[in-house]
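S.K.: Questions regarding the structure given below will be posed in turn.
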Amino acid sequence: MEHVIAGVAVENVSYHFDILYGYIIPDELRSKAKVGSRVLVGFSKGNSKRQGIIFSFEKSEEGKKYKRILDVLDEEPILTPEMIAVAEYLKDRTFCTYFEAAKVQLPTGFNYKLNITYVARERDIDGMRFSEDEKSVYEYMLEKVCYLPKQRIYSALGLTDNCGVIEKLISKGLVEKNTNAEKQVGELSVKTAVLAKQAEEPGAFSQLTKKQADVLSVLRDVGSAQVKELCAITGVSAAVIKALEKKDLLSIVDSGIYRVPKTEYVDCSAADDIVLTEVQSKAYRGLCEKYKSGGVSLLFGVTGSGKTSVFLKLIDDVVKDGKNVIVMVPEISLTPQMMALFKGRYGDRVAIFHSALSMGERKDEYRRVRNGLAQIVVGTRSAVFAPFENIGLIVIDEEQEHTYKSESSPRYHARDVARFRAKWHNALLVLSSATPSIESYSFAQKGIYSLETLSERYGEAVLPDVSVIDMKEDRKRGNKHYISLELQERLQKNLDDGHQSILLINRRGYNTFVACDSCGSVITCPFCSISLTFHMVNKKLMCHYCGYTTDFKTHCENCGKESVRYAGYGTQRIEEELSKLLPSARILRMDTDSNSGRYAFEKNLSDFGRNKYDIMLGTQMVAKGLNFENVTLVGVINADQQLNNDDFRSEELTFDLLTQVVGRAGRGRHKGEAVIQTLTPENSVIQLAKNQDYLSFFKNEISIRKMMTYPPFCDICCVYAISENEAKALSAARLFFNEFTDCVNENRREHKVIVLPVMPPRVSKINNKYRYRIIIKCKNNSAFRKIISKLLIKFSASSSFSDVTVFADMNPQTLV
């Protein structure tokens, strides 16, 4: 008999097992089972229940046995045809599983969790052999007479989670296992009073008290209202409304509501008409023309040139056309200012997507978009998956930022997904930046992207004057502080003038290096190959990779001498120094330590914008995208940090960071200035950043990239082998290297690659797992991905490397 078979992507499947598994759709589920719906299926020999997602339908193959779908979890498909296509794209491009590629497109609150419980069945146990633990568990479960989670049973009897007692009882037929799928986060609802038809008839008020009549009068005007609001408006208690329900004059129902993220403030001036300069108008007209046909445009403009105004004007046009818009920012810290701007201009038509929201808020913002209640989404990387069905425009602000690349599976870049979705909708993708990535500007020069340029600041604002301070010379002048004498003077003057300052130090903590002066040993994390950072706030040494902490030390654990030295400096140390140098200054420290509370970013940025602080000191979160008119001074405490990394992007990242942070100064009517502190003032990158000269930097950098064969002249694929056993990790990496080179050598004409030898990355151990890496310079085409996928499948299936994780990362943002 021929059946319709659903091709199902099953969760928690290893990469080498990942295919679309065929399941028969039972007759009773046929009306609900649709492409994009989540289902519950039995999987593997044990037939354990797992979630899956239907990707396709096909006819059954004669003679092949199929399992049946156990349940359909969604009333309507959770994935649209476009989302299925995106999942297949991610599967092919990022070497992930089908289920991972689908799941990443949904907010956490939309996921189901499988609850596994157990119940005991009364059986004749005469003659059965039991251990003491088995007997106690069985008797306990019989006494409870209900389904119980394993942890609760073991905890009550003092057994460990891995004792295996329940599994033994299942094998003896004494215990049954049950699996139920439950939503991780439910919909929020409130009690709502709805006016009944009887209440509208003549004489309905004749036998009512005054309070009851007041309630019905309100409901006659509005039809329905939340019970709490109705009580507040009329001044009655809930008992009055309950009495009206008993009289059948109203009904009380549960109404779904949306959890709306808090917005610290709204920029009311954002609703004003946008007036563009001639330069901006030219860029706007160019983007409008490109919008008609779709494609990719690079909006390149100096800091403060008004790029946001240009794409806001374009968004107005897209919204008027009835189409949807996605706007992405690289950091959560930039979302509040962007949200204030968009909320002020577009009101409730805006939804927000980022990881700082609660699961309920994420789910409800997603629901608002799906239900057509929002037309614009503003958010970080995950916003690229906003479930719009009629996209007209996608904007990626600060498109060069590394945060747009995911570091966990699926390892996608938001720019690639945005390009895919823009092509699907025939929409326009706008990449916006003052310091675009070398790859993007190269594509613009070649005509792959269209290019619109803003070469001057908006209005009367001009680029800040920039001074480069040689810290070696500053030391010779007797200054023992990390803040140079010149920067000290300018901070004091800015404070006296009532203006604000921003200082960048891209390191958290107090001291960034701890070592023994006697034996030279460095205090490192026992689980990572990285030195610990001292945090003054809690007097702890902390690993910024795995979170390991230990107490402040003065004695060396290696030699026993009291000669531990604390060196280096981070945000906490600079904050302390500032407080001593400028005791009257109100200082705001902005790093992940000081902004761990919910809505802390929003509140702190809002307070700074209201001049409640004089100086904002922070890591790179203060360097980009922020716009404060009263900031007239920017200081970079250490410009050399990024330059010393052994990464082909280190000069690009340094230029980007310096140019962007300098651009925070003088964005209003006041002239701005910036101070860059360095030990290498002669460095060309620092000099070009001082002059805000991106074009000269690009010219130098592109020539080096071409000579050394780095992007955009190739793609880079990094293959990692990771294991708690260092020898196994190294062995797996070497074997992968050998097998890859053999595959390539079989057809050298088709595969032109450069393979670098197996090496550990700079941080060679994280979370007690050793890491080895192969760097492959390649062309990211289907033939190359086919080789990588084939080898990943082979290694995933190998019992010899069962304790080794091997994965590939295409075009990672850093090789450090």
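Order determines the names: the first chain of the structure tokens is A, the second B, and so forth; residues in each chain are numbered 1 upward, and ligands are numbered 1 upward as they are shown.
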Show me, as a PDB file with N, CA, C and O atoms, in the first residue's frame, the residues that have an atom within 9 Å of range 81-83 of chain A when counting only C-alpha atoms, minus same-chain residues fewer than 2 positions from it.

M.R.:
ATOM      1  N   VAL A  35       4.154  20.724   5.883  1.00  0.00           N
ATOM      2  CA  VAL A  35       5.568  21.114   5.813  1.00  0.00           C
ATOM      3  C   VAL A  35       5.789  22.318   6.724  1.00  0.00           C
ATOM      4  O   VAL A  35       5.054  23.301   6.660  1.00  0.00           O
ATOM      5  N   GLY A  36       6.780  22.210   7.596  1.00  0.00           N
ATOM      6  CA  GLY A  36       7.066  23.282   8.547  1.00  0.00           C
ATOM      7  C   GLY A  36       6.497  23.023   9.921  1.00  0.00           C
ATOM      8  O   GLY A  36       6.761  23.797  10.850  1.00  0.00           O
ATOM      9  N   LEU A  79       7.356  26.834  10.466  1.00  0.00           N
ATOM     10  CA  LEU A  79       8.316  27.274   9.450  1.00  0.00           C
ATOM     11  C   LEU A  79       7.597  27.522   8.129  1.00  0.00           C
ATOM     12  O   LEU A  79       6.796  26.691   7.684  1.00  0.00           O
ATOM     13  N   ALA A  85      13.759  26.856   3.170  1.00  0.00           N
ATOM     14  CA  ALA A  85      14.848  27.113   2.213  1.00  0.00           C
ATOM     15  C   ALA A  85      16.087  27.662   2.931  1.00  0.00           C
ATOM     16  O   ALA A  85      17.219  27.297   2.604  1.00  0.00           O
ATOM     17  N   VAL A  86      15.876  28.554   3.907  1.00  0.00           N
ATOM     18  CA  VAL A  86      16.996  29.088   4.687  1.00  0.00           C
ATOM     19  C   VAL A  86      17.692  27.959   5.445  1.00  0.00           C
ATOM     20  O   VAL A  86      18.926  27.895   5.509  1.00  0.00           O
ATOM     21  N   ALA A  87      16.897  27.037   6.014  1.00  0.00           N
ATOM     22  CA  ALA A  87      17.474  25.912   6.752  1.00  0.00           C
ATOM     23  C   ALA A  87      18.329  25.041   5.834  1.00  0.00           C
ATOM     24  O   ALA A  87      19.429  24.606   6.221  1.00  0.00           O
ATOM     25  N   GLU A  88      17.854  24.786   4.635  1.00  0.00           N
ATOM     26  CA  GLU A  88      18.633  23.983   3.684  1.00  0.00           C
ATOM     27  C   GLU A  88      19.903  24.718   3.268  1.00  0.00           C
ATOM     28  O   GLU A  88      20.967  24.101   3.093  1.00  0.00           O
ATOM     29  N   ALA A 102      16.986  24.713  11.389  1.00  0.00           N
ATOM     30  CA  ALA A 102      15.612  25.176  11.579  1.00  0.00           C
ATOM     31  C   ALA A 102      15.445  25.856  12.930  1.00  0.00           C
ATOM     32  O   ALA A 102      14.835  26.926  13.040  1.00  0.00           O
ATOM     33  N   GLN A 105      16.335  29.593  13.725  1.00  0.00           N
ATOM     34  CA  GLN A 105      15.461  30.639  13.205  1.00  0.00           C
ATOM     35  C   GLN A 105      14.312  30.979  14.153  1.00  0.00           C
ATOM     36  O   GLN A 105      13.582  31.947  13.913  1.00  0.00           O
ATOM     37  N   PHE A 385      16.415  36.621  11.123  1.00  0.00           N
ATOM     38  CA  PHE A 385      15.425  35.564  10.938  1.00  0.00           C
ATOM     39  C   PHE A 385      13.991  36.043  11.229  1.00  0.00           C
ATOM     40  O   PHE A 385      13.085  35.223  11.356  1.00  0.00           O
ATOM     41  N   PRO A 387      10.304  36.755  11.034  1.00  0.00           N
ATOM     42  CA  PRO A 387       9.412  35.989  10.147  1.00  0.00           C
ATOM     43  C   PRO A 387       8.505  36.848   9.272  1.00  0.00           C
ATOM     44  O   PRO A 387       7.283  36.645   9.236  1.00  0.00           O
ATOM     45  N   GLU A 389       6.966  38.083   5.673  1.00  0.00           N
ATOM     46  CA  GLU A 389       6.667  37.414   4.408  1.00  0.00           C
ATOM     47  C   GLU A 389       6.709  38.362   3.221  1.00  0.00           C
ATOM     48  O   GLU A 389       6.442  37.954   2.098  1.00  0.00           O
ATOM     49  N   ARG A 421      17.983  36.087   1.937  1.00  0.00           N
ATOM     50  CA  ARG A 421      16.595  36.504   2.106  1.00  0.00           C
ATOM     51  C   ARG A 421      16.250  37.670   1.176  1.00  0.00           C
ATOM     52  O   ARG A 421      15.127  37.742   0.655  1.00  0.00           O
ATOM     53  N   TRP A 424      15.521  36.225  -2.116  1.00  0.00           N
ATOM     54  CA  TRP A 424      14.242  35.515  -2.085  1.00  0.00           C
ATOM     55  C   TRP A 424      13.080  36.497  -2.268  1.00  0.00           C
ATOM     56  O   TRP A 424      12.117  36.211  -2.982  1.00  0.00           O
TER      57      TRP A 424
END

S.K.: Need the shell around Ala101 in chain A: protein/DNA/RNA residues with any atom at most 6 Å away, counting only C-alpha atoms. Skip same-chain ones fewer than 2 positions apart. Format as a ChimeraX atom specification?

M.R.: /A:87,90,98-99,103-104

S.K.: Output all heavy atoms of each residue in that selection to a file, as a short mmCIF file (atom, residue, chain, number, x, y, z; two decimals), in the first residue's frame.

M.R.:
data_model
loop_
_atom_site.label_atom_id
_atom_site.label_comp_id
_atom_site.auth_asym_id
_atom_site.auth_seq_id
_atom_site.Cartn_x
_atom_site.Cartn_y
_atom_site.Cartn_z
N ALA A 87 16.90 27.04 6.01
CA ALA A 87 17.47 25.91 6.75
C ALA A 87 18.33 25.04 5.83
O ALA A 87 19.43 24.61 6.22
CB ALA A 87 16.36 25.08 7.39
N LEU A 90 21.57 26.90 5.21
CA LEU A 90 22.47 26.82 6.36
C LEU A 90 23.08 25.43 6.48
O LEU A 90 24.27 25.29 6.81
CB LEU A 90 21.73 27.19 7.64
CG LEU A 90 21.29 28.64 7.79
CD1 LEU A 90 20.45 28.82 9.05
CD2 LEU A 90 22.50 29.58 7.83
N TYR A 98 20.02 19.47 9.93
CA TYR A 98 18.77 20.10 9.49
C TYR A 98 18.03 20.74 10.66
O TYR A 98 17.53 21.86 10.57
CB TYR A 98 17.84 19.05 8.85
CG TYR A 98 18.18 18.69 7.43
CD1 TYR A 98 18.69 17.43 7.11
CD2 TYR A 98 17.95 19.57 6.38
CE1 TYR A 98 18.99 17.06 5.80
CE2 TYR A 98 18.23 19.23 5.06
CZ TYR A 98 18.76 17.97 4.78
OH TYR A 98 19.04 17.64 3.48
N PHE A 99 17.96 20.01 11.77
CA PHE A 99 17.19 20.51 12.92
C PHE A 99 17.85 21.76 13.50
O PHE A 99 17.15 22.72 13.87
CB PHE A 99 17.07 19.43 14.00
CG PHE A 99 16.02 19.73 15.03
CD1 PHE A 99 14.70 19.37 14.83
CD2 PHE A 99 16.34 20.41 16.20
CE1 PHE A 99 13.71 19.66 15.77
CE2 PHE A 99 15.37 20.71 17.15
CZ PHE A 99 14.06 20.33 16.93
N LYS A 103 16.01 25.24 13.96
CA LYS A 103 15.83 25.74 15.33
C LYS A 103 16.42 27.13 15.53
O LYS A 103 15.87 27.95 16.27
CB LYS A 103 16.47 24.76 16.31
CG LYS A 103 16.25 25.10 17.77
CD LYS A 103 16.90 24.05 18.66
CE LYS A 103 16.73 24.40 20.14
NZ LYS A 103 17.37 23.39 21.02
N VAL A 104 17.54 27.44 14.86
CA VAL A 104 18.19 28.74 15.05
C VAL A 104 17.31 29.89 14.57
O VAL A 104 17.48 31.03 15.01
CB VAL A 104 19.56 28.77 14.32
CG1 VAL A 104 19.40 28.92 12.81
CG2 VAL A 104 20.44 29.90 14.86
#

S.K.: My list of candidates is A:Val302, A:Leu487, A:Ile19, A:Ile702. Which is closest to Ser440 in chain A when distances are computed with only C-alpha atoms?

M.R.: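 Closest to Ser440 in chain A, using only C-alpha atoms: A:Ile702.
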
S.K.: What does the distance from CA of Phe807 in chain A to CA of Thr709 in chain A come to in Å, to one decimal?

M.R.: 23.4 Å

S.K.: When distances are computed from only C-alpha atoms, which of A:Gly547, A:Pro812, A:Gly560, A:Pro336 shows the smallest separation from Leu605 in chain A?

M.R.: A:Pro336

S.K.: Excluding same-chain residues fewer than 5 positions from Met359 in chain A, what lies within 8 Å of it counting only C-alpha atoms, as a ChimeraX atom specification?

M.R.: /A:107-109,185

S.K.: Would you list the contacts of Gly568 in chain A as a ChimeraX atom specification, taking every protein, DNA or RNA residue within 8 Å and counting only C-alpha atoms, but skipping same-chain residues closer than 2 positions in sequence?

M.R.: /A:510-513,566,570

S.K.: For the residues in the current selection, export C-alpha atoms as a PDB file, in the first residue's frame.

M.R.:
ATOM      1  CA  TYR A 510      41.550  45.572  37.222  1.00  0.00           C
ATOM      2  CA  ASN A 511      44.834  43.771  36.433  1.00  0.00           C
ATOM      3  CA  THR A 512      45.116  41.706  33.269  1.00  0.00           C
ATOM      4  CA  PHE A 513      48.307  39.781  34.109  1.00  0.00           C
ATOM      5  CA  TYR A 566      49.817  42.175  39.466  1.00  0.00           C
ATOM      6  CA  GLY A 570      41.523  47.083  32.545  1.00  0.00           C
TER       7      GLY A 570
END

S.K.: As a list of chain:residue names, please: the residues near Glu132 in chain A (cut-off 12 Å, only C-alpha atoms, same-chain neighbours under 4 positions excluded).

M.R.: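 Using only C-alpha atoms, the neighbours found are A:Ser136, A:Val137, A:Tyr138, A:Glu139, A:Leu157, A:Leu159, A:Val165.
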
S.K.: Restricting it to all heavy atoms, dump the selection as a PDB file, in the first residue's frame.

M.R.:
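As a result, selection.pdb now contains:
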ATOM      1  N   SER A 136      13.815  -0.596  46.671  1.00  0.00           N
ATOM      2  CA  SER A 136      13.380   0.658  47.294  1.00  0.00           C
ATOM      3  C   SER A 136      12.757   1.601  46.269  1.00  0.00           C
ATOM      4  O   SER A 136      11.758   2.276  46.551  1.00  0.00           O
ATOM      5  CB  SER A 136      14.549   1.335  48.017  1.00  0.00           C
ATOM      6  OG  SER A 136      15.574   1.678  47.106  1.00  0.00           O
ATOM      7  N   VAL A 137      13.319   1.647  45.067  1.00  0.00           N
ATOM      8  CA  VAL A 137      12.764   2.511  44.022  1.00  0.00           C
ATOM      9  C   VAL A 137      11.379   2.021  43.607  1.00  0.00           C
ATOM     10  O   VAL A 137      10.432   2.808  43.473  1.00  0.00           O
ATOM     11  CB  VAL A 137      13.712   2.565  42.799  1.00  0.00           C
ATOM     12  CG1 VAL A 137      13.004   3.206  41.596  1.00  0.00           C
ATOM     13  CG2 VAL A 137      14.966   3.355  43.136  1.00  0.00           C
ATOM     14  N   TYR A 138      11.238   0.707  43.383  1.00  0.00           N
ATOM     15  CA  TYR A 138       9.960   0.156  42.945  1.00  0.00           C
ATOM     16  C   TYR A 138       8.865   0.393  43.991  1.00  0.00           C
ATOM     17  O   TYR A 138       7.744   0.817  43.663  1.00  0.00           O
ATOM     18  CB  TYR A 138      10.120  -1.336  42.660  1.00  0.00           C
ATOM     19  CG  TYR A 138       8.875  -1.993  42.113  1.00  0.00           C
ATOM     20  CD1 TYR A 138       8.251  -1.492  40.975  1.00  0.00           C
ATOM     21  CD2 TYR A 138       8.314  -3.103  42.741  1.00  0.00           C
ATOM     22  CE1 TYR A 138       7.099  -2.088  40.461  1.00  0.00           C
ATOM     23  CE2 TYR A 138       7.169  -3.715  42.238  1.00  0.00           C
ATOM     24  CZ  TYR A 138       6.561  -3.193  41.101  1.00  0.00           C
ATOM     25  OH  TYR A 138       5.415  -3.781  40.608  1.00  0.00           O
ATOM     26  N   GLU A 139       9.196   0.157  45.260  1.00  0.00           N
ATOM     27  CA  GLU A 139       8.214   0.357  46.326  1.00  0.00           C
ATOM     28  C   GLU A 139       7.832   1.826  46.457  1.00  0.00           C
ATOM     29  O   GLU A 139       6.661   2.173  46.668  1.00  0.00           O
ATOM     30  CB  GLU A 139       8.773  -0.172  47.653  1.00  0.00           C
ATOM     31  CG  GLU A 139       8.869  -1.690  47.703  1.00  0.00           C
ATOM     32  CD  GLU A 139       9.510  -2.189  48.986  1.00  0.00           C
ATOM     33  OE1 GLU A 139      10.065  -1.338  49.737  1.00  0.00           O
ATOM     34  OE2 GLU A 139       9.486  -3.412  49.231  1.00  0.00           O
ATOM     35  N   LEU A 157      15.449   9.172  47.430  1.00  0.00           N
ATOM     36  CA  LEU A 157      16.047   7.950  47.988  1.00  0.00           C
ATOM     37  C   LEU A 157      17.564   8.052  48.137  1.00  0.00           C
ATOM     38  O   LEU A 157      18.211   7.072  48.501  1.00  0.00           O
ATOM     39  CB  LEU A 157      15.690   6.762  47.086  1.00  0.00           C
ATOM     40  CG  LEU A 157      14.182   6.475  46.950  1.00  0.00           C
ATOM     41  CD1 LEU A 157      13.931   5.386  45.922  1.00  0.00           C
ATOM     42  CD2 LEU A 157      13.588   6.075  48.296  1.00  0.00           C
ATOM     43  N   LEU A 159      19.905   8.463  45.778  1.00  0.00           N
ATOM     44  CA  LEU A 159      20.659   7.760  44.738  1.00  0.00           C
ATOM     45  C   LEU A 159      21.228   8.753  43.730  1.00  0.00           C
ATOM     46  O   LEU A 159      20.706   9.854  43.553  1.00  0.00           O
ATOM     47  CB  LEU A 159      19.739   6.766  44.016  1.00  0.00           C
ATOM     48  CG  LEU A 159      19.121   5.656  44.889  1.00  0.00           C
ATOM     49  CD1 LEU A 159      18.149   4.833  44.066  1.00  0.00           C
ATOM     50  CD2 LEU A 159      20.207   4.769  45.492  1.00  0.00           C
ATOM     51  N   VAL A 165      19.094   2.396  37.966  1.00  0.00           N
ATOM     52  CA  VAL A 165      18.102   1.519  38.597  1.00  0.00           C
ATOM     53  C   VAL A 165      16.800   1.498  37.799  1.00  0.00           C
ATOM     54  O   VAL A 165      16.218   0.429  37.546  1.00  0.00           O
ATOM     55  CB  VAL A 165      17.835   1.962  40.056  1.00  0.00           C
ATOM     56  CG1 VAL A 165      16.673   1.160  40.652  1.00  0.00           C
ATOM     57  CG2 VAL A 165      19.079   1.783  40.901  1.00  0.00           C
TER      58      VAL A 165
END

S.K.: Please identify all polymer residues within 12 Å of Asp640 in chain A, counting only C-alpha atoms, omitting same-chain residues fewer than 6 positions from it, and present them as a list in words.

M.R.: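 Once the nearby chain positions are removed, what remains is Asp470, Met471, Ile505, Asn506, Ser650, Glu651, Leu653, Thr654, Phe655, Leu657, Leu658, Ile676, Gln677, Thr678, Leu679, Thr680, Pro681, Glu682, Asn683, Val685 and Ile686 of chain A.
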
S.K.: Store the residues of this selection in a file with N, CA and C atoms, as a compact mmCIF listing (two decimals), in the first residue's frame.

M.R.:
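Result file part00.txt:
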# COMPACT_ATOMS: atom_id res chain seq x y z
N ASP A 470 52.65 59.65 22.34
CA ASP A 470 53.67 58.61 22.51
C ASP A 470 53.83 58.37 24.01
N MET A 471 53.37 57.23 24.50
CA MET A 471 53.41 56.96 25.93
C MET A 471 54.82 56.74 26.45
N ILE A 505 38.98 51.54 26.77
CA ILE A 505 40.03 50.59 27.14
C ILE A 505 39.41 49.21 26.95
N ASN A 506 39.87 48.49 25.95
CA ASN A 506 39.18 47.27 25.54
C ASN A 506 39.60 46.04 26.35
N SER A 650 44.09 41.85 12.10
CA SER A 650 44.40 42.68 13.27
C SER A 650 44.53 44.16 12.91
N GLU A 651 45.12 44.48 11.77
CA GLU A 651 45.24 45.90 11.39
C GLU A 651 43.88 46.47 11.00
N LEU A 653 40.96 45.50 12.20
CA LEU A 653 40.20 45.65 13.43
C LEU A 653 40.67 46.87 14.22
N THR A 654 41.99 47.09 14.23
CA THR A 654 42.53 48.26 14.94
C THR A 654 42.06 49.56 14.28
N PHE A 655 42.18 49.62 12.95
CA PHE A 655 41.75 50.82 12.23
C PHE A 655 40.26 51.07 12.46
N LEU A 657 38.31 50.06 15.00
CA LEU A 657 38.01 50.46 16.38
C LEU A 657 38.41 51.91 16.64
N LEU A 658 39.62 52.28 16.20
CA LEU A 658 40.09 53.65 16.44
C LEU A 658 39.25 54.67 15.68
N ILE A 676 44.71 59.63 21.09
CA ILE A 676 45.05 58.22 20.95
C ILE A 676 46.39 57.98 21.64
N GLN A 677 46.42 57.13 22.66
CA GLN A 677 47.65 56.80 23.37
C GLN A 677 48.24 55.51 22.80
N THR A 678 49.55 55.53 22.55
CA THR A 678 50.19 54.38 21.92
C THR A 678 51.68 54.33 22.25
N LEU A 679 52.27 53.16 22.13
CA LEU A 679 53.72 53.00 22.23
C LEU A 679 54.37 53.00 20.86
N THR A 680 53.55 52.99 19.79
CA THR A 680 54.07 52.97 18.42
C THR A 680 53.38 54.06 17.59
N PRO A 681 53.66 55.32 17.90
CA PRO A 681 52.97 56.42 17.20
C PRO A 681 53.27 56.46 15.70
N GLU A 682 54.39 55.84 15.29
CA GLU A 682 54.77 55.87 13.88
C GLU A 682 53.99 54.85 13.05
N ASN A 683 53.23 53.95 13.69
CA ASN A 683 52.51 52.91 12.97
C ASN A 683 51.53 53.52 11.98
N VAL A 685 48.85 52.37 10.59
CA VAL A 685 47.43 52.16 10.88
C VAL A 685 46.93 53.24 11.83
N ILE A 686 47.73 53.56 12.85
CA ILE A 686 47.34 54.58 13.82
C ILE A 686 47.29 55.95 13.15

S.K.: For Ser529 in chain A, please output as a list in words all residues within 8 Å (counting only C-alpha atoms; exclusion window: fewer than 6 positions along the same chain).

M.R.: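 Answer for this query is Val763, Ser764, Lys765 and Ile766 of chain A.
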
S.K.: Select from range 245-376 of chain A everything DSSP, run on the backbone, classes as strand (DSSP E or B), then give the selection as a list of chain:residue names.

M.R.: A:Leu250, A:Ser251, A:Ile252, A:Val253, A:Asp254, A:Ser255, A:Gly256, A:Ile257, A:Gly295, A:Val296, A:Ser297, A:Leu298, A:Leu299, A:Phe300, A:Gly301, A:Asn324, A:Val325, A:Ile326, A:Val327, A:Met328, A:Val350, A:Ala351, A:Ile352, A:Phe353, A:Ile376

S.K.: Restricting the output to N, CA, C and O atoms, write the selected residues as a tab-separated table (two decimals), in the first residue's frame.

M.R.:
chain	number	residue	atom	x	y	z
A	250	LEU	N	-22.35	39.97	31.39
A	250	LEU	CA	-21.01	39.99	30.80
A	250	LEU	C	-20.40	38.61	31.00
A	250	LEU	O	-20.86	37.80	31.82
A	251	SER	N	-19.36	38.34	30.23
A	251	SER	CA	-18.60	37.09	30.40
A	251	SER	C	-17.15	37.43	30.65
A	251	SER	O	-16.64	38.47	30.18
A	252	ILE	N	-16.48	36.59	31.43
A	252	ILE	CA	-15.06	36.78	31.72
A	252	ILE	C	-14.27	35.71	30.99
A	252	ILE	O	-14.50	34.51	31.18
A	253	VAL	N	-13.38	36.14	30.11
A	253	VAL	CA	-12.59	35.21	29.30
A	253	VAL	C	-11.10	35.48	29.48
A	253	VAL	O	-10.70	36.57	29.93
A	254	ASP	N	-10.28	34.50	29.14
A	254	ASP	CA	-8.83	34.68	29.13
A	254	ASP	C	-8.42	35.23	27.77
A	254	ASP	O	-8.63	34.57	26.74
A	255	SER	N	-7.86	36.41	27.75
A	255	SER	CA	-7.41	37.03	26.49
A	255	SER	C	-5.89	37.06	26.45
A	255	SER	O	-5.23	37.43	27.43
A	256	GLY	N	-5.34	36.65	25.31
A	256	GLY	CA	-3.89	36.66	25.15
A	256	GLY	C	-3.36	38.08	25.02
A	256	GLY	O	-3.98	38.93	24.36
A	257	ILE	N	-2.25	38.35	25.65
A	257	ILE	CA	-1.59	39.66	25.52
A	257	ILE	C	-0.12	39.42	25.20
A	257	ILE	O	0.41	38.32	25.37
A	295	GLY	N	18.87	43.85	-4.64
A	295	GLY	CA	20.31	43.67	-4.72
A	295	GLY	C	20.98	44.09	-3.42
A	295	GLY	O	20.35	44.15	-2.36
A	296	VAL	N	22.28	44.42	-3.53
A	296	VAL	CA	23.07	44.81	-2.35
A	296	VAL	C	23.73	46.15	-2.61
A	296	VAL	O	24.32	46.36	-3.67
A	297	SER	N	23.61	47.06	-1.64
A	297	SER	CA	24.27	48.37	-1.73
A	297	SER	C	25.11	48.60	-0.49
A	297	SER	O	24.72	48.21	0.62
A	298	LEU	N	26.25	49.22	-0.68
A	298	LEU	CA	27.11	49.64	0.43
A	298	LEU	C	26.94	51.13	0.63
A	298	LEU	O	27.19	51.93	-0.28
A	299	LEU	N	26.49	51.52	1.83
A	299	LEU	CA	26.37	52.94	2.19
A	299	LEU	C	27.59	53.28	3.03
A	299	LEU	O	27.66	52.96	4.22
A	300	PHE	N	28.57	53.91	2.40
A	300	PHE	CA	29.85	54.22	3.04
A	300	PHE	C	29.91	55.70	3.33
A	300	PHE	O	29.76	56.54	2.44
A	301	GLY	N	30.11	56.05	4.61
A	301	GLY	CA	30.19	57.46	4.96
A	301	GLY	C	31.01	57.66	6.21
A	301	GLY	O	31.04	56.80	7.10
A	324	ASN	N	7.99	45.13	4.52
A	324	ASN	CA	8.61	45.03	5.84
A	324	ASN	C	10.10	45.32	5.81
A	324	ASN	O	10.76	45.20	4.77
A	325	VAL	N	10.62	45.69	6.99
A	325	VAL	CA	12.01	46.14	7.10
A	325	VAL	C	12.69	45.45	8.27
A	325	VAL	O	12.11	45.31	9.35
A	326	ILE	N	13.93	45.02	8.07
A	326	ILE	CA	14.78	44.50	9.14
A	326	ILE	C	15.98	45.42	9.27
A	326	ILE	O	16.65	45.71	8.26
A	327	VAL	N	16.26	45.90	10.49
A	327	VAL	CA	17.43	46.73	10.76
A	327	VAL	C	18.26	46.04	11.83
A	327	VAL	O	17.77	45.78	12.93
A	328	MET	N	19.52	45.75	11.51
A	328	MET	CA	20.39	45.05	12.46
A	328	MET	C	21.51	45.97	12.96
A	328	MET	O	22.07	46.76	12.20
A	350	VAL	N	7.13	48.77	15.48
A	350	VAL	CA	8.50	48.28	15.63
A	350	VAL	C	8.53	47.15	16.65
A	350	VAL	O	7.95	47.25	17.73
A	351	ALA	N	9.24	46.07	16.32
A	351	ALA	CA	9.52	44.97	17.25
A	351	ALA	C	11.02	44.91	17.47
A	351	ALA	O	11.80	45.33	16.61
A	352	ILE	N	11.40	44.37	18.62
A	352	ILE	CA	12.82	44.31	18.97
A	352	ILE	C	13.25	42.86	19.17
A	352	ILE	O	12.53	42.08	19.79
A	353	PHE	N	14.39	42.49	18.60
A	353	PHE	CA	14.94	41.14	18.72
A	353	PHE	C	16.37	41.22	19.27
A	353	PHE	O	17.25	41.75	18.59
A	376	ILE	N	8.42	46.63	11.25
A	376	ILE	CA	9.86	46.86	11.29
A	376	ILE	C	10.43	46.08	12.46
A	376	ILE	O	9.88	46.10	13.56

S.K.: Which one is closest to Lys790 in chain A: A:Tyr710, A:Phe740, A:Phe552, A:Tyr147? Count only C-alpha atoms.

M.R.: A:Phe740

S.K.: What is the CA of Ser37 in chain A-CA of Val260 in chain A distance in Å, reported with one decimal?

M.R.: 26.5 Å

S.K.: Which is closer to Phe795 in chain A than all the others in A:Ala721, A:Ala727, A:Val310, A:Leu756, using only C-alpha atoms?

M.R.: A:Ala721

S.K.: Using only C-alpha atoms for the distances, tell me which of A:Asn638, A:Ser606, A:Ser14, A:Thr380 is nearest to Ile469 in chain A.

M.R.: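 Closest to Ile469 in chain A of all the choices is A:Asn638.
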